[in-house]
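Below is the file entry24.txt, which contains compact mmCIF, N, CA and C atoms.
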# COMPACT_ATOMS: atom_id res chain seq x y z
N MET J 119 48.37 -37.28 -26.25
CA MET J 119 47.34 -37.07 -25.26
C MET J 119 47.08 -35.57 -25.16
N ARG J 120 45.78 -35.21 -25.23
CA ARG J 120 45.43 -33.78 -25.14
C ARG J 120 45.03 -33.42 -23.73
N ARG J 121 45.30 -32.17 -23.39
CA ARG J 121 44.92 -31.71 -22.05
C ARG J 121 43.71 -30.80 -22.20
N ASP J 122 42.59 -31.15 -21.50
CA ASP J 122 41.35 -30.39 -21.57
C ASP J 122 41.12 -29.55 -20.32
N GLY J 123 42.10 -29.42 -19.48
CA GLY J 123 41.96 -28.67 -18.24
C GLY J 123 41.61 -27.21 -18.46
N GLY J 124 42.15 -26.61 -19.47
CA GLY J 124 41.87 -25.20 -19.77
C GLY J 124 40.43 -24.98 -20.19
N GLN J 125 39.88 -25.92 -20.97
CA GLN J 125 38.50 -25.80 -21.41
C GLN J 125 37.53 -25.96 -20.24
N ALA J 126 37.82 -26.88 -19.36
CA ALA J 126 36.97 -27.09 -18.19
C ALA J 126 36.97 -25.86 -17.29
N LEU J 127 38.11 -25.20 -17.19
CA LEU J 127 38.21 -23.99 -16.38
C LEU J 127 37.35 -22.88 -16.97
N VAL J 128 37.36 -22.72 -18.27
CA VAL J 128 36.54 -21.70 -18.94
C VAL J 128 35.06 -21.97 -18.70
N VAL J 129 34.66 -23.21 -18.83
CA VAL J 129 33.26 -23.57 -18.60
C VAL J 129 32.88 -23.31 -17.14
N ALA J 130 33.75 -23.65 -16.21
CA ALA J 130 33.46 -23.42 -14.79
C ALA J 130 33.33 -21.93 -14.50
N VAL J 131 34.21 -21.13 -15.08
CA VAL J 131 34.14 -19.68 -14.86
C VAL J 131 32.84 -19.12 -15.43
N LEU J 132 32.45 -19.57 -16.60
CA LEU J 132 31.19 -19.12 -17.20
C LEU J 132 29.98 -19.52 -16.36
N LEU J 133 29.99 -20.73 -15.83
CA LEU J 133 28.88 -21.16 -14.97
C LEU J 133 28.80 -20.34 -13.68
N VAL J 134 29.93 -20.04 -13.09
CA VAL J 134 29.95 -19.21 -11.87
C VAL J 134 29.46 -17.80 -12.18
N ALA J 135 29.88 -17.26 -13.32
CA ALA J 135 29.42 -15.92 -13.71
C ALA J 135 27.91 -15.91 -13.95
N PHE J 136 27.41 -16.92 -14.61
CA PHE J 136 25.98 -17.02 -14.86
C PHE J 136 25.21 -17.11 -13.53
N ALA J 137 25.70 -17.90 -12.60
CA ALA J 137 25.05 -18.03 -11.30
C ALA J 137 25.05 -16.71 -10.55
N ALA J 138 26.14 -15.96 -10.62
CA ALA J 138 26.21 -14.67 -9.94
C ALA J 138 25.20 -13.69 -10.52
N VAL J 139 25.07 -13.66 -11.85
CA VAL J 139 24.09 -12.77 -12.48
C VAL J 139 22.67 -13.18 -12.09
N ALA J 140 22.42 -14.48 -12.08
CA ALA J 140 21.08 -14.96 -11.69
C ALA J 140 20.76 -14.58 -10.25
N LEU J 141 21.71 -14.74 -9.36
CA LEU J 141 21.48 -14.38 -7.95
C LEU J 141 21.24 -12.88 -7.79
N ALA J 142 21.97 -12.07 -8.52
CA ALA J 142 21.77 -10.62 -8.44
C ALA J 142 20.38 -10.25 -8.95
N GLY J 143 19.93 -10.89 -10.01
CA GLY J 143 18.58 -10.64 -10.53
C GLY J 143 17.51 -11.06 -9.56
N LEU J 144 17.70 -12.20 -8.92
CA LEU J 144 16.73 -12.67 -7.93
C LEU J 144 16.67 -11.73 -6.73
N ARG J 145 17.81 -11.23 -6.32
CA ARG J 145 17.83 -10.30 -5.18
C ARG J 145 17.09 -9.01 -5.53
N GLY J 146 17.29 -8.50 -6.74
CA GLY J 146 16.57 -7.30 -7.17
C GLY J 146 15.07 -7.52 -7.22
N ALA J 147 14.66 -8.68 -7.72
CA ALA J 147 13.23 -9.00 -7.77
C ALA J 147 12.65 -9.10 -6.36
N GLN J 148 13.41 -9.72 -5.47
CA GLN J 148 12.95 -9.84 -4.08
C GLN J 148 12.75 -8.47 -3.45
N GLU J 149 13.69 -7.56 -3.68
CA GLU J 149 13.58 -6.21 -3.11
C GLU J 149 12.34 -5.49 -3.65
N ARG J 150 12.07 -5.63 -4.94
CA ARG J 150 10.88 -4.98 -5.53
C ARG J 150 9.60 -5.55 -4.96
N ILE J 151 9.56 -6.86 -4.77
CA ILE J 151 8.37 -7.50 -4.21
C ILE J 151 8.15 -7.05 -2.77
N LEU J 152 9.22 -7.02 -1.98
CA LEU J 152 9.09 -6.58 -0.59
C LEU J 152 8.69 -5.12 -0.50
N GLU J 153 9.20 -4.29 -1.39
CA GLU J 153 8.85 -2.86 -1.39
C GLU J 153 7.36 -2.68 -1.69
N ARG J 154 6.85 -3.44 -2.66
CA ARG J 154 5.42 -3.37 -2.97
C ARG J 154 4.57 -3.83 -1.79
N ALA J 155 5.02 -4.86 -1.09
CA ALA J 155 4.28 -5.35 0.08
C ALA J 155 4.28 -4.30 1.19
N ARG J 156 5.41 -3.63 1.38
CA ARG J 156 5.47 -2.56 2.39
C ARG J 156 4.56 -1.40 2.02
N ASP J 157 4.54 -1.03 0.74
CA ASP J 157 3.64 0.03 0.28
C ASP J 157 2.19 -0.37 0.50
N GLN J 158 1.87 -1.61 0.22
CA GLN J 158 0.49 -2.09 0.39
C GLN J 158 0.07 -2.00 1.86
N ARG J 159 0.91 -2.49 2.75
CA ARG J 159 0.58 -2.45 4.18
C ARG J 159 0.49 -1.01 4.69
N ALA J 160 1.41 -0.16 4.27
CA ALA J 160 1.38 1.24 4.70
C ALA J 160 0.14 1.94 4.17
N GLY J 161 -0.25 1.65 2.94
CA GLY J 161 -1.46 2.24 2.37
C GLY J 161 -2.71 1.79 3.08
N GLU J 162 -2.78 0.51 3.39
CA GLU J 162 -3.94 0.00 4.12
C GLU J 162 -4.04 0.64 5.50
N ALA J 163 -2.91 0.76 6.18
CA ALA J 163 -2.91 1.39 7.51
C ALA J 163 -3.31 2.86 7.41
N ALA J 164 -2.82 3.55 6.40
CA ALA J 164 -3.14 4.97 6.24
C ALA J 164 -4.62 5.18 5.96
N VAL J 165 -5.20 4.38 5.08
CA VAL J 165 -6.62 4.56 4.77
C VAL J 165 -7.48 4.16 5.97
N GLU J 166 -7.05 3.20 6.75
CA GLU J 166 -7.79 2.83 7.96
C GLU J 166 -7.72 3.96 9.00
N ALA J 167 -6.58 4.63 9.10
CA ALA J 167 -6.46 5.77 10.02
C ALA J 167 -7.39 6.89 9.60
N ALA J 168 -7.42 7.18 8.30
CA ALA J 168 -8.35 8.21 7.80
C ALA J 168 -9.79 7.77 8.05
N GLY J 169 -10.07 6.50 7.85
CA GLY J 169 -11.42 5.98 8.09
C GLY J 169 -11.84 6.09 9.55
N ALA J 170 -10.89 5.92 10.46
CA ALA J 170 -11.21 6.05 11.88
C ALA J 170 -11.61 7.49 12.21
N VAL J 171 -10.92 8.46 11.62
CA VAL J 171 -11.29 9.87 11.83
C VAL J 171 -12.70 10.13 11.29
N VAL J 172 -12.97 9.60 10.11
CA VAL J 172 -14.30 9.77 9.49
C VAL J 172 -15.36 9.08 10.34
N ALA J 173 -15.08 7.91 10.86
CA ALA J 173 -16.03 7.19 11.69
C ALA J 173 -16.35 7.97 12.97
N ASP J 174 -15.33 8.57 13.57
CA ASP J 174 -15.57 9.39 14.77
C ASP J 174 -16.48 10.57 14.45
N ALA J 175 -16.22 11.23 13.32
CA ALA J 175 -17.04 12.37 12.93
C ALA J 175 -18.46 11.93 12.60
N LEU J 176 -18.59 10.78 11.96
CA LEU J 176 -19.92 10.26 11.63
C LEU J 176 -20.70 9.88 12.88
N ALA J 177 -20.00 9.31 13.84
CA ALA J 177 -20.66 8.96 15.11
C ALA J 177 -21.12 10.21 15.85
N ALA J 178 -20.35 11.29 15.73
CA ALA J 178 -20.71 12.53 16.42
C ALA J 178 -21.88 13.25 15.76
N THR J 179 -21.95 13.19 14.43
CA THR J 179 -22.99 13.95 13.74
C THR J 179 -24.15 13.07 13.27
N GLY J 180 -23.85 11.84 12.87
CA GLY J 180 -24.88 10.96 12.34
C GLY J 180 -25.28 11.28 10.91
N GLU J 181 -24.64 12.27 10.30
CA GLU J 181 -24.98 12.71 8.95
C GLU J 181 -23.78 12.54 8.02
N ALA J 182 -23.88 11.61 7.08
CA ALA J 182 -22.77 11.34 6.17
C ALA J 182 -22.44 12.54 5.30
N VAL J 183 -23.46 13.23 4.80
CA VAL J 183 -23.23 14.38 3.92
C VAL J 183 -22.51 15.49 4.68
N THR J 184 -22.87 15.71 5.92
CA THR J 184 -22.22 16.72 6.74
C THR J 184 -20.74 16.39 6.93
N VAL J 185 -20.45 15.13 7.20
CA VAL J 185 -19.07 14.70 7.43
C VAL J 185 -18.23 14.88 6.16
N VAL J 186 -18.77 14.46 5.02
CA VAL J 186 -18.03 14.52 3.76
C VAL J 186 -17.75 15.96 3.35
N ASN J 187 -18.66 16.87 3.66
CA ASN J 187 -18.50 18.27 3.26
C ASN J 187 -17.77 19.13 4.28
N ASP J 188 -17.36 18.55 5.40
CA ASP J 188 -16.66 19.31 6.43
C ASP J 188 -15.16 19.32 6.15
N PRO J 189 -14.58 20.47 5.83
CA PRO J 189 -13.14 20.51 5.52
C PRO J 189 -12.26 20.14 6.71
N ARG J 190 -12.77 20.33 7.93
CA ARG J 190 -11.98 19.96 9.11
C ARG J 190 -11.83 18.45 9.21
N VAL J 191 -12.89 17.73 8.88
CA VAL J 191 -12.82 16.26 8.89
C VAL J 191 -11.83 15.78 7.84
N LEU J 192 -11.89 16.36 6.66
CA LEU J 192 -10.97 15.98 5.59
C LEU J 192 -9.52 16.28 6.00
N ALA J 193 -9.29 17.43 6.62
CA ALA J 193 -7.94 17.79 7.06
C ALA J 193 -7.44 16.83 8.14
N ARG J 194 -8.29 16.50 9.11
CA ARG J 194 -7.89 15.56 10.17
C ARG J 194 -7.63 14.17 9.60
N ALA J 195 -8.47 13.73 8.66
CA ALA J 195 -8.28 12.42 8.03
C ALA J 195 -6.97 12.38 7.25
N ARG J 196 -6.68 13.45 6.51
CA ARG J 196 -5.44 13.53 5.74
C ARG J 196 -4.23 13.51 6.67
N THR J 197 -4.30 14.26 7.76
CA THR J 197 -3.20 14.28 8.72
C THR J 197 -2.97 12.90 9.33
N ALA J 198 -4.05 12.22 9.72
CA ALA J 198 -3.92 10.88 10.30
C ALA J 198 -3.29 9.91 9.29
N ALA J 199 -3.73 9.99 8.04
CA ALA J 199 -3.19 9.09 7.01
C ALA J 199 -1.72 9.40 6.75
N ASP J 200 -1.38 10.68 6.63
CA ASP J 200 0.02 11.05 6.38
C ASP J 200 0.92 10.68 7.54
N ASP J 201 0.43 10.87 8.76
CA ASP J 201 1.24 10.51 9.94
C ASP J 201 1.53 9.02 9.97
N LEU J 202 0.52 8.21 9.68
CA LEU J 202 0.73 6.77 9.71
C LEU J 202 1.62 6.32 8.55
N ALA J 203 1.47 6.95 7.39
CA ALA J 203 2.36 6.63 6.27
C ALA J 203 3.81 6.96 6.64
N ALA J 204 4.01 8.10 7.28
CA ALA J 204 5.37 8.50 7.69
C ALA J 204 5.94 7.53 8.72
N GLU J 205 5.11 7.07 9.64
CA GLU J 205 5.57 6.09 10.63
C GLU J 205 6.01 4.79 9.98
N ASN J 206 5.42 4.48 8.83
CA ASN J 206 5.79 3.28 8.09
C ASN J 206 6.87 3.56 7.05
N GLY J 207 7.49 4.75 7.13
CA GLY J 207 8.59 5.07 6.25
C GLY J 207 8.18 5.37 4.82
N ARG J 208 6.96 5.82 4.63
CA ARG J 208 6.47 6.10 3.28
C ARG J 208 6.21 7.58 3.11
N SER J 209 6.06 7.99 1.86
CA SER J 209 5.78 9.38 1.56
C SER J 209 4.34 9.72 1.91
N ARG J 210 3.99 10.97 1.71
CA ARG J 210 2.63 11.41 2.01
C ARG J 210 1.64 10.73 1.08
N THR J 211 0.42 10.64 1.56
CA THR J 211 -0.65 10.09 0.75
C THR J 211 -1.12 11.14 -0.25
N ALA J 212 -1.88 10.70 -1.22
CA ALA J 212 -2.39 11.62 -2.24
C ALA J 212 -3.84 11.29 -2.53
N GLY J 213 -4.58 12.29 -2.96
CA GLY J 213 -5.93 12.08 -3.46
C GLY J 213 -6.93 11.55 -2.46
N LEU J 214 -6.86 12.02 -1.22
CA LEU J 214 -7.84 11.57 -0.23
C LEU J 214 -9.23 12.06 -0.63
N ARG J 215 -10.16 11.11 -0.74
CA ARG J 215 -11.54 11.45 -1.09
C ARG J 215 -12.50 10.78 -0.12
N LEU J 216 -13.55 11.49 0.20
CA LEU J 216 -14.65 10.96 1.00
C LEU J 216 -15.90 11.02 0.14
N VAL J 217 -16.55 9.88 -0.03
CA VAL J 217 -17.72 9.80 -0.89
C VAL J 217 -18.85 9.11 -0.14
N VAL J 218 -20.02 9.72 -0.19
CA VAL J 218 -21.20 9.11 0.43
C VAL J 218 -21.67 7.97 -0.47
N VAL J 219 -21.82 6.80 0.12
CA VAL J 219 -22.36 5.62 -0.57
C VAL J 219 -23.59 5.17 0.21
N PRO J 220 -24.43 4.31 -0.37
CA PRO J 220 -25.67 3.94 0.32
C PRO J 220 -25.49 3.44 1.75
N ALA J 221 -24.41 2.71 2.02
CA ALA J 221 -24.23 2.15 3.36
C ALA J 221 -23.40 3.03 4.28
N GLY J 222 -22.87 4.17 3.79
CA GLY J 222 -22.05 5.01 4.65
C GLY J 222 -21.15 5.92 3.85
N ILE J 223 -19.86 5.89 4.17
CA ILE J 223 -18.87 6.74 3.52
C ILE J 223 -17.71 5.87 3.07
N GLU J 224 -17.28 6.10 1.83
CA GLU J 224 -16.11 5.41 1.31
C GLU J 224 -14.92 6.36 1.36
N VAL J 225 -13.83 5.90 1.94
CA VAL J 225 -12.59 6.68 2.05
C VAL J 225 -11.60 6.09 1.05
N THR J 226 -11.05 6.94 0.19
CA THR J 226 -10.09 6.50 -0.83
C THR J 226 -8.86 7.39 -0.79
N LEU J 227 -7.69 6.79 -0.92
CA LEU J 227 -6.44 7.55 -1.02
C LEU J 227 -5.44 6.74 -1.82
N ALA J 228 -4.36 7.40 -2.23
CA ALA J 228 -3.30 6.74 -2.98
C ALA J 228 -2.00 6.84 -2.20
N LEU J 229 -1.24 5.77 -2.23
CA LEU J 229 0.09 5.74 -1.61
C LEU J 229 0.96 4.79 -2.43
N GLY J 230 2.10 5.27 -2.84
CA GLY J 230 2.99 4.43 -3.62
C GLY J 230 2.42 4.02 -4.96
N GLY J 231 1.58 4.87 -5.52
CA GLY J 231 0.99 4.57 -6.82
C GLY J 231 -0.18 3.60 -6.77
N GLN J 232 -0.59 3.19 -5.60
CA GLN J 232 -1.70 2.25 -5.44
C GLN J 232 -2.87 2.94 -4.74
N ALA J 233 -4.07 2.63 -5.18
CA ALA J 233 -5.27 3.16 -4.54
C ALA J 233 -5.66 2.23 -3.39
N HIS J 234 -6.11 2.84 -2.29
CA HIS J 234 -6.54 2.09 -1.11
C HIS J 234 -7.90 2.62 -0.69
N ARG J 235 -8.79 1.71 -0.28
CA ARG J 235 -10.14 2.11 0.09
C ARG J 235 -10.53 1.50 1.42
N ALA J 236 -11.37 2.26 2.13
CA ALA J 236 -11.98 1.76 3.37
C ALA J 236 -13.41 2.26 3.38
N ALA J 237 -14.28 1.49 4.00
CA ALA J 237 -15.68 1.87 4.10
C ALA J 237 -16.03 2.13 5.55
N VAL J 238 -16.78 3.19 5.77
CA VAL J 238 -17.28 3.53 7.10
C VAL J 238 -18.80 3.40 7.03
N SER J 239 -19.35 2.50 7.82
CA SER J 239 -20.79 2.24 7.78
C SER J 239 -21.56 3.27 8.59
N LEU J 240 -22.75 3.57 8.10
CA LEU J 240 -23.66 4.43 8.86
C LEU J 240 -24.09 3.72 10.14
N PRO J 241 -24.28 4.46 11.22
CA PRO J 241 -24.75 3.82 12.45
C PRO J 241 -26.08 3.11 12.18
N GLY J 242 -26.15 1.86 12.60
CA GLY J 242 -27.38 1.09 12.43
C GLY J 242 -27.53 0.40 11.09
N SER J 243 -26.61 0.62 10.16
CA SER J 243 -26.74 -0.05 8.86
C SER J 243 -26.05 -1.41 8.93
N ARG J 244 -26.50 -2.29 8.06
CA ARG J 244 -25.89 -3.61 7.98
C ARG J 244 -24.63 -3.52 7.15
N CYS J 245 -23.64 -4.27 7.53
CA CYS J 245 -22.36 -4.23 6.83
C CYS J 245 -22.46 -4.73 5.40
N CYS J 246 -22.95 -5.91 5.28
CA CYS J 246 -22.83 -6.57 3.97
C CYS J 246 -24.20 -7.12 3.55
N PRO J 247 -24.68 -6.75 2.36
CA PRO J 247 -25.96 -7.30 1.93
C PRO J 247 -25.87 -8.79 1.69
N ARG J 248 -26.95 -9.45 2.00
CA ARG J 248 -26.97 -10.93 1.83
C ARG J 248 -28.07 -11.30 0.89

As structure tokens, what does this structure read like?
Amino acid sequence: MRRDGGQALVVAVLLVAFAAVALAGLRGAQERILERARDQRAGEAAVEAAGAVVADALAATGEAVTVVNDPRVLARARTAADDLAAENGRSRTAGLRLVVVPAGIEVTLALGGQAHRAAVSLPGSRCCPR
């Protein structure tokens, strides 16, 4: 009569080791996915904060070109975006741009390697063409 207990133990140890490696890989993937989601939310919040500064300036002047070319507006928008990114535990934003578009001003910035955009409509303009 042969004893197979040793072989079964080796197989069991290998299965447990495989499961441990799989769980570690899944945990790493989960962390990467959650980090990307946090970056996305922080970027959206930062670009919206910059957009709010631009909207206030646009409401005060009514001139999109004036707002886009005003370095004080750009500095305030950058500060608002960076402050909100910091509150969300993220690094500073990069590449803040204000561009005049037919319906208003487009605000663009980068955070965590992702570009984020917000649109500020001109007073009295329609939001979305139909």

Run DSSP on the backbone and tell me which residues of region 124-240 of chain J come out as alpha helix (DSSP H); list them as a compact mmCIF listing (two decimals) with N, CA and C atoms, keeping the file's coordinate frame.
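File result.txt, as written:
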# COMPACT_ATOMS: atom_id res chain seq x y z
N GLY J 124 42.15 -26.61 -19.47
CA GLY J 124 41.87 -25.20 -19.77
C GLY J 124 40.43 -24.98 -20.19
N GLN J 125 39.88 -25.92 -20.97
CA GLN J 125 38.50 -25.80 -21.41
C GLN J 125 37.53 -25.96 -20.24
N ALA J 126 37.82 -26.88 -19.36
CA ALA J 126 36.97 -27.09 -18.19
C ALA J 126 36.97 -25.86 -17.29
N LEU J 127 38.11 -25.20 -17.19
CA LEU J 127 38.21 -23.99 -16.38
C LEU J 127 37.35 -22.88 -16.97
N VAL J 128 37.36 -22.72 -18.27
CA VAL J 128 36.54 -21.70 -18.94
C VAL J 128 35.06 -21.97 -18.70
N VAL J 129 34.66 -23.21 -18.83
CA VAL J 129 33.26 -23.57 -18.60
C VAL J 129 32.88 -23.31 -17.14
N ALA J 130 33.75 -23.65 -16.21
CA ALA J 130 33.46 -23.42 -14.79
C ALA J 130 33.33 -21.93 -14.50
N VAL J 131 34.21 -21.13 -15.08
CA VAL J 131 34.14 -19.68 -14.86
C VAL J 131 32.84 -19.12 -15.43
N LEU J 132 32.45 -19.57 -16.60
CA LEU J 132 31.19 -19.12 -17.20
C LEU J 132 29.98 -19.52 -16.36
N LEU J 133 29.99 -20.73 -15.83
CA LEU J 133 28.88 -21.16 -14.97
C LEU J 133 28.80 -20.34 -13.68
N VAL J 134 29.93 -20.04 -13.09
CA VAL J 134 29.95 -19.21 -11.87
C VAL J 134 29.46 -17.80 -12.18
N ALA J 135 29.88 -17.26 -13.32
CA ALA J 135 29.42 -15.92 -13.71
C ALA J 135 27.91 -15.91 -13.95
N PHE J 136 27.41 -16.92 -14.61
CA PHE J 136 25.98 -17.02 -14.86
C PHE J 136 25.21 -17.11 -13.53
N ALA J 137 25.70 -17.90 -12.60
CA ALA J 137 25.05 -18.03 -11.30
C ALA J 137 25.05 -16.71 -10.55
N ALA J 138 26.14 -15.96 -10.62
CA ALA J 138 26.21 -14.67 -9.94
C ALA J 138 25.20 -13.69 -10.52
N VAL J 139 25.07 -13.66 -11.85
CA VAL J 139 24.09 -12.77 -12.48
C VAL J 139 22.67 -13.18 -12.09
N ALA J 140 22.42 -14.48 -12.08
CA ALA J 140 21.08 -14.96 -11.69
C ALA J 140 20.76 -14.58 -10.25
N LEU J 141 21.71 -14.74 -9.36
CA LEU J 141 21.48 -14.38 -7.95
C LEU J 141 21.24 -12.88 -7.79
N ALA J 142 21.97 -12.07 -8.52
CA ALA J 142 21.77 -10.62 -8.44
C ALA J 142 20.38 -10.25 -8.95
N GLY J 143 19.93 -10.89 -10.01
CA GLY J 143 18.58 -10.64 -10.53
C GLY J 143 17.51 -11.06 -9.56
N LEU J 144 17.70 -12.20 -8.92
CA LEU J 144 16.73 -12.67 -7.93
C LEU J 144 16.67 -11.73 -6.73
N ARG J 145 17.81 -11.23 -6.32
CA ARG J 145 17.83 -10.30 -5.18
C ARG J 145 17.09 -9.01 -5.53
N GLY J 146 17.29 -8.50 -6.74
CA GLY J 146 16.57 -7.30 -7.17
C GLY J 146 15.07 -7.52 -7.22
N ALA J 147 14.66 -8.68 -7.72
CA ALA J 147 13.23 -9.00 -7.77
C ALA J 147 12.65 -9.10 -6.36
N GLN J 148 13.41 -9.72 -5.47
CA GLN J 148 12.95 -9.84 -4.08
C GLN J 148 12.75 -8.47 -3.45
N GLU J 149 13.69 -7.56 -3.68
CA GLU J 149 13.58 -6.21 -3.11
C GLU J 149 12.34 -5.49 -3.65
N ARG J 150 12.07 -5.63 -4.94
CA ARG J 150 10.88 -4.98 -5.53
C ARG J 150 9.60 -5.55 -4.96
N ILE J 151 9.56 -6.86 -4.77
CA ILE J 151 8.37 -7.50 -4.21
C ILE J 151 8.15 -7.05 -2.77
N LEU J 152 9.22 -7.02 -1.98
CA LEU J 152 9.09 -6.58 -0.59
C LEU J 152 8.69 -5.12 -0.50
N GLU J 153 9.20 -4.29 -1.39
CA GLU J 153 8.85 -2.86 -1.39
C GLU J 153 7.36 -2.68 -1.69
N ARG J 154 6.85 -3.44 -2.66
CA ARG J 154 5.42 -3.37 -2.97
C ARG J 154 4.57 -3.83 -1.79
N ALA J 155 5.02 -4.86 -1.09
CA ALA J 155 4.28 -5.35 0.08
C ALA J 155 4.28 -4.30 1.19
N ARG J 156 5.41 -3.63 1.38
CA ARG J 156 5.47 -2.56 2.39
C ARG J 156 4.56 -1.40 2.02
N ASP J 157 4.54 -1.03 0.74
CA ASP J 157 3.64 0.03 0.28
C ASP J 157 2.19 -0.37 0.50
N GLN J 158 1.87 -1.61 0.22
CA GLN J 158 0.49 -2.09 0.39
C GLN J 158 0.07 -2.00 1.86
N ARG J 159 0.91 -2.49 2.75
CA ARG J 159 0.58 -2.45 4.18
C ARG J 159 0.49 -1.01 4.69
N ALA J 160 1.41 -0.16 4.27
CA ALA J 160 1.38 1.24 4.70
C ALA J 160 0.14 1.94 4.17
N GLY J 161 -0.25 1.65 2.94
CA GLY J 161 -1.46 2.24 2.37
C GLY J 161 -2.71 1.79 3.08
N GLU J 162 -2.78 0.51 3.39
CA GLU J 162 -3.94 0.00 4.12
C GLU J 162 -4.04 0.64 5.50
N ALA J 163 -2.91 0.76 6.18
CA ALA J 163 -2.91 1.39 7.51
C ALA J 163 -3.31 2.86 7.41
N ALA J 164 -2.82 3.55 6.40
CA ALA J 164 -3.14 4.97 6.24
C ALA J 164 -4.62 5.18 5.96
N VAL J 165 -5.20 4.38 5.08
CA VAL J 165 -6.62 4.56 4.77
C VAL J 165 -7.48 4.16 5.97
N GLU J 166 -7.05 3.20 6.75
CA GLU J 166 -7.79 2.83 7.96
C GLU J 166 -7.72 3.96 9.00
N ALA J 167 -6.58 4.63 9.10
CA ALA J 167 -6.46 5.77 10.02
C ALA J 167 -7.39 6.89 9.60
N ALA J 168 -7.42 7.18 8.30
CA ALA J 168 -8.35 8.21 7.80
C ALA J 168 -9.79 7.77 8.05
N GLY J 169 -10.07 6.50 7.85
CA GLY J 169 -11.42 5.98 8.09
C GLY J 169 -11.84 6.09 9.55
N ALA J 170 -10.89 5.92 10.46
CA ALA J 170 -11.21 6.05 11.88
C ALA J 170 -11.61 7.49 12.21
N VAL J 171 -10.92 8.46 11.62
CA VAL J 171 -11.29 9.87 11.83
C VAL J 171 -12.70 10.13 11.29
N VAL J 172 -12.97 9.60 10.11
CA VAL J 172 -14.30 9.77 9.49
C VAL J 172 -15.36 9.08 10.34
N ALA J 173 -15.08 7.91 10.86
CA ALA J 173 -16.03 7.19 11.69
C ALA J 173 -16.35 7.97 12.97
N ASP J 174 -15.33 8.57 13.57
CA ASP J 174 -15.57 9.39 14.77
C ASP J 174 -16.48 10.57 14.45
N ALA J 175 -16.22 11.23 13.32
CA ALA J 175 -17.04 12.37 12.93
C ALA J 175 -18.46 11.93 12.60
N LEU J 176 -18.59 10.78 11.96
CA LEU J 176 -19.92 10.26 11.63
C LEU J 176 -20.70 9.88 12.88
N ALA J 177 -20.00 9.31 13.84
CA ALA J 177 -20.66 8.96 15.11
C ALA J 177 -21.12 10.21 15.85
N ALA J 178 -20.35 11.29 15.73
CA ALA J 178 -20.71 12.53 16.42
C ALA J 178 -21.88 13.25 15.76
N THR J 179 -21.95 13.19 14.43
CA THR J 179 -22.99 13.95 13.74
C THR J 179 -24.15 13.07 13.27
N ALA J 182 -23.88 11.61 7.08
CA ALA J 182 -22.77 11.34 6.17
C ALA J 182 -22.44 12.54 5.30
N VAL J 183 -23.46 13.23 4.80
CA VAL J 183 -23.23 14.38 3.92
C VAL J 183 -22.51 15.49 4.68
N THR J 184 -22.87 15.71 5.92
CA THR J 184 -22.22 16.72 6.74
C THR J 184 -20.74 16.39 6.93
N VAL J 185 -20.45 15.13 7.20
CA VAL J 185 -19.07 14.70 7.43
C VAL J 185 -18.23 14.88 6.16
N VAL J 186 -18.77 14.46 5.02
CA VAL J 186 -18.03 14.52 3.76
C VAL J 186 -17.75 15.96 3.35
N ASN J 187 -18.66 16.87 3.66
CA ASN J 187 -18.50 18.27 3.26
C ASN J 187 -17.77 19.13 4.28
N PRO J 189 -14.58 20.47 5.83
CA PRO J 189 -13.14 20.51 5.52
C PRO J 189 -12.26 20.14 6.71
N ARG J 190 -12.77 20.33 7.93
CA ARG J 190 -11.98 19.96 9.11
C ARG J 190 -11.83 18.45 9.21
N VAL J 191 -12.89 17.73 8.88
CA VAL J 191 -12.82 16.26 8.89
C VAL J 191 -11.83 15.78 7.84
N LEU J 192 -11.89 16.36 6.66
CA LEU J 192 -10.97 15.98 5.59
C LEU J 192 -9.52 16.28 6.00
N ALA J 193 -9.29 17.43 6.62
CA ALA J 193 -7.94 17.79 7.06
C ALA J 193 -7.44 16.83 8.14
N ARG J 194 -8.29 16.50 9.11
CA ARG J 194 -7.89 15.56 10.17
C ARG J 194 -7.63 14.17 9.60
N ALA J 195 -8.47 13.73 8.66
CA ALA J 195 -8.28 12.42 8.03
C ALA J 195 -6.97 12.38 7.25
N ARG J 196 -6.68 13.45 6.51
CA ARG J 196 -5.44 13.53 5.74
C ARG J 196 -4.23 13.51 6.67
N THR J 197 -4.30 14.26 7.76
CA THR J 197 -3.20 14.28 8.72
C THR J 197 -2.97 12.90 9.33
N ALA J 198 -4.05 12.22 9.72
CA ALA J 198 -3.92 10.88 10.30
C ALA J 198 -3.29 9.91 9.29
N ALA J 199 -3.73 9.99 8.04
CA ALA J 199 -3.19 9.09 7.01
C ALA J 199 -1.72 9.40 6.75
N ASP J 200 -1.38 10.68 6.63
CA ASP J 200 0.02 11.05 6.38
C ASP J 200 0.92 10.68 7.54
N ASP J 201 0.43 10.87 8.76
CA ASP J 201 1.24 10.51 9.94
C ASP J 201 1.53 9.02 9.97
N LEU J 202 0.52 8.21 9.68
CA LEU J 202 0.73 6.77 9.71
C LEU J 202 1.62 6.32 8.55
N ALA J 203 1.47 6.95 7.39
CA ALA J 203 2.36 6.63 6.27
C ALA J 203 3.81 6.96 6.64
N ALA J 204 4.01 8.10 7.28
CA ALA J 204 5.37 8.50 7.69
C ALA J 204 5.94 7.53 8.72
N GLU J 205 5.11 7.07 9.64
CA GLU J 205 5.57 6.09 10.63
C GLU J 205 6.01 4.79 9.98

Between atom N of Arg156 (chain J) and CA of Asn206 (chain J), measure the distance and give it in Å to one decimal.
-> 9.6 Å

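In this model, the gap between atom C of Leu229 (chain J) and atom C of Asp157 (chain J) comes to 6.1 Å.
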
Run DSSP on the backbone of this structure and report the residues of chain J it assigns to strand (DSSP E or B), as a count of residues only.
-> 24

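Of the residues under consideration (J:Leu141, J:Ala198, J:Leu127, J:Leu240), J:Ala198 shows the shortest atom-to-atom contact distance to Ala164 (chain J) when counting all atoms listed in the file.
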